[in-house]
Amino acid sequence: MLEGKNLACVRGERTLFDHLNFTLNAGELLLVQGANGSGKTSLLRTVCGLLTPEFGEILWDGEKIGAVREDYQAAMVFLGHAPAVKDDLTAFENLDFSCRLAGIEASREDVKGALGHFGLGHCLELPAKSLSQGQRRRVALARLLLAKAKLWILDEPLVALDQAALHLVQTLIGDHLQSGGMALLTTHQMVSIPGIEPRVLQLTP
Amino acid sequence: MSVFNWYKFSSPATFYTLAGKLVPWFYAAAILLCVVGLYISFFMAPTDFQQGEAYRIIFIHVPAAWMSMFIYIVMAGWAAIGLAFNTRLSFMMASALAPTGAMLTFVSLWTGALWGKPMWGAWWVWDARLTSELILFFLYLGFMALQAAIDDPRRADRAGALIALVGVINVPIIYFSVKWWNTLHQGASVSMTKSSSMASIMLIGMLVMALAAWMYAIAASLSRVRSIILERERNAQWVAQMLEAEL
Amino acid sequence: MTMPQTLIALLRRELTLAMRRRGDVLTILFFFVIVASLFPLGVGPDPKVLRLMGGGVVWVAALLAAMLSLGRLFANDYADGTLEQLILTPTPPVVWILCKIIAHWLVSGVPLILMAPVLGVQFGLPADALWVLVFSLLLGTPVLSLIGAIGAALTLGLRGGGVLVSLLVLPLYIPVLIFGAGAVDSTISGLGAEAHLSLLGGILILAFMLTPWAVAAALRISIE
């Protein structure tokens with residue numbers, strides 16, 4: 001279970017949010033919504049442990065995330081604004097390396113399969129600089145298929161995706177939740193996942 | 001009880017008022033000590049049999065050099081406290097000390113040059129102490145340039161604190177290496193402070209001047225930290241209340 | 001997956017990226033050669049003067065080249081989000097930071113070491129001094145990468161980051177310069193380079209143990 005308790009975030013001189021509480025249980029989806037600049041990305045980065053909150057704490061199964069860093073990070077996958085895709089590497093190399101760095105065990109076939117699943121089967125060996133914006137996002141998203149993480153933290157995962165990919169990602173999230181996973185995501189779009197009633201965390205600037 | 005007081009004074013609002021009360025006293029002490037020190041160094045200290053009257057510049061040079069090194073260490077100390085306990089005031093103290101430290105480093109370099117001309121016949125000599133002082137000046141500049149380049153005050157505080165700590169660990173290594181380099185190349189070996197042959201009145205003069213520089217450094221950095229507090233907390237309620245009261 | 005495998009993957013990735021961008025590596029190398037070649041043009045071709053200066057000039061050029069190469073260390077990873085992902089891996093930061101620094105040294109430090117004897121010959125250094133030059137660079141250039149990594153990490157994403165790095169890092173490079181160039185110098189004057197080289201080795205060990213922690217702290221500060 002993931003819990004945020006009395007969180008506050010200050011960027012520069014602005015307080016983005018304070019007294020923020022949330023809980024996320026297995027099988028649940030939490031949507032973070034709010035206008036631009038309301039601190040959605042900062043909240044996600046705080047939950048990951050990239051930002052230290054001004055006040056409050058984040059608990060993973062009742063323990064502060066700082067105290068169980070390794071376990072927490074092994075159980076969590078974060079996809080941020082920047083897709084962490086290298087121009088000079090091919091799509092295959094990108095996914096392969098990012099899995100290895102994150103300690104995800106995946107064979108060559110798994111990696112190829114994941115990219116194929118996201119409709120990138122024909123450009124495995126193309127350098128990422130020749131891919132479109134949406135295709136790069138798909139390379140990043142393909143990691144979700146391979147990671148066996150319980151908690152997904154996704155910052156605008158649906159941006160720059162076409163209809164087919166939108167459907168794919170939503171199904172993927174649905175399956176993940178059904179199998180006892182949890183997801184925390186920001187989005188401006190409508191999210192419709194069959195059988196899942198998302199909870200909404202509204203941030204007001 | 002003492003813990004309670006410590007936390008009370010580590011809040012910027014309380015410290016702002018406290019520092020405001022202390023600043024005039026430290027300035028007064030600095031001026032008084034400076035007058036006494038200058039009197040000792042110009043009217044009481046004897047003329048040096050080797051160096052004549054020109055040696056008297058060391059009454060400014062040496063205290064400035066001492067303080068410039070001392071301030072860097074104090075600055076790194078505040079930086080360490082800030083990083084360890086996440087106290088904003090410590091970071092502000094570190095930033096407030098840097099310009100004073102850099103200024104004193106510059107004074108010691110400048111007076112070193114003025115002293116070097118009659119002694120060595122050159123404005124600049126790659127003497128170990130002068131070279132170390134020059135590098136210290138670069139370290140101060142690096143600290144201030146880094147803080148100036150970062151817009152987010154939280155990041156500026158922490159990044160500055162880290163580079164100050166890295167610097168303070170390096171200072172002994174730099175000093176040792178410069179000394180080694182200097183003896184190897186047998187450069188200028190005239191010592192600035194021949195403590196053995198120095199009359200005790202000279203030493204007293206230097207100590208009084210060092211105290212004056214110390215008081216000045218405290219006064220200057222306290223008044224600078226007040227400006228930093230005001231700038232950082234300009235949206236806080238206590239600042240608004242204070243301004244209202246003053247109007 | 002165990003930690004060594006993660007690290008081998010990272011090392012392989014860094015080297016693959018460098019190979020795909022060979023131009024960057026060569027640019028640094030040519031910069032090194034050009035800076036060293038400017039000195040004879042500036043001070044005149046007197047062989048006696050050049051022999052005295054040689055070690056110092058090659059070392060100063062190596063310092064500047066090492067400093068210029070720091071931009072590649074974290075900046076790209078910071079811009080494209082890889083750095084965030086690295087910070088979020090279960091591997092302790094100190095370990096992968098050290099791994100990245102080693103990769104950086106292999107790509108930007110080692111070519112300088114290999115090129116240095118050629119430059120030394122240009123300055124008329126005797127054979128034993130050439131060996132000492134290579135050996136001192138072998139001990140010293142990793143320190144440049146290690147210390148430089150702190151500056152590179154602190155200036156991530158700042159305007160004027162490149163110039164700022166030089167202001168932060170060059171003063172810290174001074175001991176390495178003194179002992180490195182001093183080793184060559186004292187070989188030429190027949191004093192032997194052991195003392196210099198062992199001090200350089202001491203600095204390397206110290207830097208190896210301490211700087212990764214400072215870099216880890218600096219990256220956390222910058223990523224916030």
# chains A, B, ... in the order shown; residues from 1 in each chain; ligands from 1

call {"tool": "closest_atom_pairs", "arguments": {"of": "chain C", "to": "chain B", "cutoff": "7 Å", "atoms": "only C-alpha atoms", "output": "Markdown table"}}
result
| residue | atom | partner | partner_atom | distance |
| --- | --- | --- | --- | --- |
| C:Leu154 | CA | B:Ala159 | CA | 6.2 |
| C:Leu158 | CA | B:Ala149 | CA | 6.6 |
| C:Arg159 | CA | B:Ala149 | CA | 6.9 |
| C:Leu164 | CA | B:Leu146 | CA | 6.9 |
| C:Leu167 | CA | B:Gly142 | CA | 5.3 |
| C:Leu168 | CA | B:Gly142 | CA | 4.9 |
| C:Pro171 | CA | B:Ile135 | CA | 6.2 |
| C:Leu172 | CA | B:Asn170 | CA | 6.9 |
| C:Ile174 | CA | B:Ile174 | CA | 6.8 |
| C:Pro175 | CA | B:Ser177 | CA | 5.5 |
| C:Ile178 | CA | B:Trp181 | CA | 6.5 |
| C:Ala218 | CA | B:Ala159 | CA | 6.7 |
| C:Ile221 | CA | B:Arg155 | CA | 6.0 |
| C:Ser222 | CA | B:Arg155 | CA | 6.8 |

call {"tool": "write_last_selection", "arguments": {"atoms": "all heavy atoms", "output": "compact mmCIF listing (two decimals), in the first residue's frame"}}
result
# COMPACT_ATOMS: atom_id res chain seq x y z
N LEU C 154 26.86 19.47 -10.45
CA LEU C 154 26.28 20.66 -9.81
C LEU C 154 25.73 21.65 -10.83
O LEU C 154 24.81 22.41 -10.53
CB LEU C 154 27.34 21.37 -8.95
CG LEU C 154 27.61 20.75 -7.59
CD1 LEU C 154 28.75 21.48 -6.90
CD2 LEU C 154 26.37 20.79 -6.72
N LEU C 158 22.08 24.47 -15.94
CA LEU C 158 22.24 25.90 -15.65
C LEU C 158 22.68 26.63 -16.91
O LEU C 158 23.40 26.09 -17.73
CB LEU C 158 23.29 26.12 -14.56
CG LEU C 158 23.01 25.48 -13.22
CD1 LEU C 158 24.09 25.89 -12.24
CD2 LEU C 158 21.66 25.92 -12.71
N ARG C 159 22.24 27.90 -17.02
CA ARG C 159 22.74 28.69 -18.14
C ARG C 159 24.22 28.97 -17.90
O ARG C 159 24.65 29.20 -16.78
CB ARG C 159 21.93 29.98 -18.27
CG ARG C 159 21.91 30.83 -17.05
CD ARG C 159 20.75 31.81 -17.07
NE ARG C 159 20.06 31.82 -15.79
CZ ARG C 159 20.50 32.49 -14.72
NH1 ARG C 159 21.60 33.17 -14.78
NH2 ARG C 159 19.84 32.45 -13.59
N LEU C 164 30.92 27.93 -16.11
CA LEU C 164 30.81 27.78 -14.66
C LEU C 164 31.60 26.56 -14.18
O LEU C 164 32.31 26.63 -13.17
CB LEU C 164 29.33 27.62 -14.30
CG LEU C 164 28.95 27.85 -12.86
CD1 LEU C 164 29.44 29.20 -12.39
CD2 LEU C 164 27.46 27.75 -12.71
N LEU C 167 35.17 27.36 -13.70
CA LEU C 167 35.44 28.15 -12.50
C LEU C 167 35.42 27.27 -11.24
O LEU C 167 36.19 27.46 -10.31
CB LEU C 167 34.38 29.25 -12.38
CG LEU C 167 34.76 30.50 -11.63
CD1 LEU C 167 36.00 31.11 -12.22
CD2 LEU C 167 33.61 31.49 -11.65
N LEU C 168 34.54 26.27 -11.24
CA LEU C 168 34.43 25.41 -10.07
C LEU C 168 35.55 24.38 -10.02
O LEU C 168 36.07 24.07 -8.95
CB LEU C 168 33.09 24.66 -10.10
CG LEU C 168 31.81 25.47 -9.96
CD1 LEU C 168 30.60 24.55 -10.02
CD2 LEU C 168 31.82 26.24 -8.66
N PRO C 171 40.28 25.27 -10.12
CA PRO C 171 41.07 25.42 -8.89
C PRO C 171 41.31 24.08 -8.19
O PRO C 171 42.37 23.86 -7.60
CB PRO C 171 40.22 26.34 -8.02
CG PRO C 171 39.32 27.04 -8.95
CD PRO C 171 39.08 26.13 -10.10
N LEU C 172 40.33 23.18 -8.28
CA LEU C 172 40.47 21.89 -7.61
C LEU C 172 41.45 20.98 -8.35
O LEU C 172 41.95 20.01 -7.79
CB LEU C 172 39.11 21.20 -7.49
CG LEU C 172 38.02 21.99 -6.77
CD1 LEU C 172 36.71 21.22 -6.77
CD2 LEU C 172 38.43 22.30 -5.34
N ILE C 174 44.34 21.93 -9.39
CA ILE C 174 45.71 22.43 -9.24
C ILE C 174 46.68 21.41 -8.63
O ILE C 174 47.78 21.21 -9.17
CB ILE C 174 45.70 23.77 -8.47
CG1 ILE C 174 45.15 24.85 -9.40
CG2 ILE C 174 47.09 24.15 -7.98
CD1 ILE C 174 44.81 26.14 -8.73
N PRO C 175 46.31 20.71 -7.53
CA PRO C 175 47.26 19.74 -7.00
C PRO C 175 47.67 18.67 -8.03
O PRO C 175 48.84 18.31 -8.12
CB PRO C 175 46.50 19.10 -5.83
CG PRO C 175 45.52 20.12 -5.42
CD PRO C 175 45.12 20.83 -6.67
N ILE C 178 50.16 20.20 -10.33
CA ILE C 178 51.47 20.40 -9.71
C ILE C 178 52.25 19.09 -9.64
O ILE C 178 53.42 19.02 -10.03
CB ILE C 178 51.30 21.02 -8.31
CG1 ILE C 178 50.89 22.48 -8.45
CG2 ILE C 178 52.57 20.89 -7.49
CD1 ILE C 178 50.60 23.17 -7.13
N ALA C 218 25.47 15.78 -5.24
CA ALA C 218 25.29 16.87 -6.21
C ALA C 218 24.17 16.54 -7.20
O ALA C 218 23.36 17.40 -7.54
CB ALA C 218 26.60 17.12 -6.96
N ILE C 221 20.83 17.07 -5.63
CA ILE C 221 20.53 18.50 -5.53
C ILE C 221 20.05 19.02 -6.88
O ILE C 221 19.07 19.75 -6.97
CB ILE C 221 21.77 19.27 -5.05
CG1 ILE C 221 22.10 18.93 -3.60
CG2 ILE C 221 21.57 20.77 -5.21
CD1 ILE C 221 23.46 19.39 -3.15
N SER C 222 20.74 18.61 -7.95
CA SER C 222 20.42 19.17 -9.26
C SER C 222 19.13 18.60 -9.82
O SER C 222 18.42 19.28 -10.55
CB SER C 222 21.56 18.89 -10.23
OG SER C 222 22.71 19.56 -9.82

call {"tool": "interface_residues", "arguments": {"of": "chain C", "to": "chain A", "cutoff": "12 Å", "atoms": "only C-alpha atoms", "output": "MDAnalysis selection string"}}
result
chainID C and resid 1:22 76:93 96 219:224

call {"tool": "closest_atom_pairs", "arguments": {"of": "chain A", "to": "chain B", "cutoff": "10 Å", "atoms": "only C-alpha atoms", "output": "CSV"}}
result
residue,atom,partner,partner_atom,distance
A:Val10,CA,B:Arg154,CA,9.4
A:Arg11,CA,B:Asp152,CA,7.5
A:Gly12,CA,B:Asp152,CA,5.0
A:Glu13,CA,B:Arg232,CA,8.0
A:Arg14,CA,B:Asn235,CA,9.7

call {"tool": "residues_around", "arguments": {"residues": "C:Thr187", "least_positions_apart": "4", "cutoff": "8 Å", "atoms": "only C-alpha atoms", "output": "list in words"}}
result
Asp128, Ala129, Val132, Ala183, Leu191, Gly192 and Ala193 of chain C

call {"tool": "residues_around", "arguments": {"residues": "stretch 44-48 of chain C", "least_positions_apart": "5", "cutoff": "12 Å", "atoms": "only C-alpha atoms", "output": "list of chain:residue names"}}
result
C:Ser37, C:Leu38, C:Phe39, C:Met53, C:Gly54, C:Val121, C:Gln122, C:Phe123, C:Gly124, C:Leu125, C:Pro126, C:Ile188

call {"tool": "write_last_selection", "arguments": {"atoms": "N, CA, C and O atoms", "output": "PDB file, in the first residue's frame"}}
result
ATOM      1  N   SER C  37      50.115  22.586 -29.061  1.00  0.00           N
ATOM      2  CA  SER C  37      50.925  23.070 -30.182  1.00  0.00           C
ATOM      3  C   SER C  37      50.973  24.592 -30.234  1.00  0.00           C
ATOM      4  O   SER C  37      51.834  25.155 -30.911  1.00  0.00           O
ATOM      5  N   LEU C  38      50.047  25.257 -29.547  1.00  0.00           N
ATOM      6  CA  LEU C  38      50.051  26.720 -29.568  1.00  0.00           C
ATOM      7  C   LEU C  38      51.219  27.293 -28.773  1.00  0.00           C
ATOM      8  O   LEU C  38      51.720  28.358 -29.080  1.00  0.00           O
ATOM      9  N   PHE C  39      51.661  26.558 -27.750  1.00  0.00           N
ATOM     10  CA  PHE C  39      52.677  27.109 -26.862  1.00  0.00           C
ATOM     11  C   PHE C  39      54.002  27.420 -27.561  1.00  0.00           C
ATOM     12  O   PHE C  39      54.524  28.520 -27.396  1.00  0.00           O
ATOM     13  N   MET C  53      59.523  23.440 -20.562  1.00  0.00           N
ATOM     14  CA  MET C  53      58.086  23.680 -20.434  1.00  0.00           C
ATOM     15  C   MET C  53      57.244  22.450 -20.721  1.00  0.00           C
ATOM     16  O   MET C  53      56.104  22.352 -20.279  1.00  0.00           O
ATOM     17  N   GLY C  54      57.802  21.534 -21.534  1.00  0.00           N
ATOM     18  CA  GLY C  54      57.028  20.449 -22.136  1.00  0.00           C
ATOM     19  C   GLY C  54      56.041  19.770 -21.208  1.00  0.00           C
ATOM     20  O   GLY C  54      54.840  19.725 -21.489  1.00  0.00           O
ATOM     21  N   VAL C 121      57.299  14.533 -27.563  1.00  0.00           N
ATOM     22  CA  VAL C 121      58.391  14.528 -28.535  1.00  0.00           C
ATOM     23  C   VAL C 121      58.506  15.889 -29.209  1.00  0.00           C
ATOM     24  O   VAL C 121      59.600  16.408 -29.420  1.00  0.00           O
ATOM     25  N   GLN C 122      57.353  16.501 -29.491  1.00  0.00           N
ATOM     26  CA  GLN C 122      57.349  17.849 -30.081  1.00  0.00           C
ATOM     27  C   GLN C 122      58.129  18.838 -29.217  1.00  0.00           C
ATOM     28  O   GLN C 122      58.704  19.788 -29.724  1.00  0.00           O
ATOM     29  N   PHE C 123      58.061  18.627 -27.901  1.00  0.00           N
ATOM     30  CA  PHE C 123      58.749  19.534 -26.989  1.00  0.00           C
ATOM     31  C   PHE C 123      60.155  19.042 -26.656  1.00  0.00           C
ATOM     32  O   PHE C 123      60.811  19.608 -25.796  1.00  0.00           O
ATOM     33  N   GLY C 124      60.586  17.961 -27.321  1.00  0.00           N
ATOM     34  CA  GLY C 124      61.935  17.467 -27.128  1.00  0.00           C
ATOM     35  C   GLY C 124      62.172  16.835 -25.775  1.00  0.00           C
ATOM     36  O   GLY C 124      63.284  16.884 -25.243  1.00  0.00           O
ATOM     37  N   LEU C 125      61.142  16.245 -25.173  1.00  0.00           N
ATOM     38  CA  LEU C 125      61.352  15.577 -23.889  1.00  0.00           C
ATOM     39  C   LEU C 125      62.181  14.311 -24.096  1.00  0.00           C
ATOM     40  O   LEU C 125      61.965  13.577 -25.060  1.00  0.00           O
ATOM     41  N   PRO C 126      63.127  14.038 -23.193  1.00  0.00           N
ATOM     42  CA  PRO C 126      63.899  12.793 -23.303  1.00  0.00           C
ATOM     43  C   PRO C 126      63.014  11.568 -23.023  1.00  0.00           C
ATOM     44  O   PRO C 126      61.935  11.697 -22.450  1.00  0.00           O
ATOM     45  N   ILE C 188      63.450  15.305 -15.621  1.00  0.00           N
ATOM     46  CA  ILE C 188      64.377  16.005 -16.511  1.00  0.00           C
ATOM     47  C   ILE C 188      65.564  16.546 -15.729  1.00  0.00           C
ATOM     48  O   ILE C 188      66.706  16.469 -16.162  1.00  0.00           O
TER      49      ILE C 188
END

call {"tool": "residues_around", "arguments": {"residues": "B:Trp238", "least_positions_apart": "5", "cutoff": "12 Å", "atoms": "only C-alpha atoms", "output": "PyMOL selection string"}}
result
chain B and resi 11-14+16-17+229-230+233+243-245

call {"tool": "atom_distance", "arguments": {"atom1": "atom CA of B:Arg129", "atom2": "atom CA of B:Ile73"}}
result
17.1 Å

call {"tool": "select_by_dssp", "arguments": {"residues": "stretch 121-151 of chain A", "states": "alpha helix (DSSP H)", "output": "PyMOL selection string"}}
result
chain A and resi 133-146

call {"tool": "write_last_selection", "arguments": {"atoms": "C-alpha atoms", "output": "short mmCIF file (atom, residue, chain, number, x, y, z; two decimals), in the first residue's frame"}}
result
data_model
loop_
_atom_site.label_atom_id
_atom_site.label_comp_id
_atom_site.auth_asym_id
_atom_site.auth_seq_id
_atom_site.Cartn_x
_atom_site.Cartn_y
_atom_site.Cartn_z
CA GLN A 133 7.63 11.51 -30.92
CA GLY A 134 4.85 8.99 -30.43
CA GLN A 135 7.07 6.07 -31.34
CA ARG A 136 9.66 7.15 -28.77
CA ARG A 137 6.98 7.22 -26.13
CA ARG A 138 6.00 3.72 -27.12
CA VAL A 139 9.58 2.55 -26.64
CA ALA A 140 9.43 3.94 -23.12
CA LEU A 141 5.98 2.50 -22.46
CA ALA A 142 7.05 -0.95 -23.66
CA ARG A 143 9.03 -1.19 -20.44
CA LEU A 144 5.75 -1.55 -18.56
CA LEU A 145 5.23 -4.90 -20.26
CA LEU A 146 8.55 -6.25 -19.03
#

call {"tool": "closest_residue", "arguments": {"among": "A:Arg199, A:Ser192, A:Ala91, A:Gln163", "to": "A:Lys129", "atoms": "only C-alpha atoms"}}
result
A:Ala91
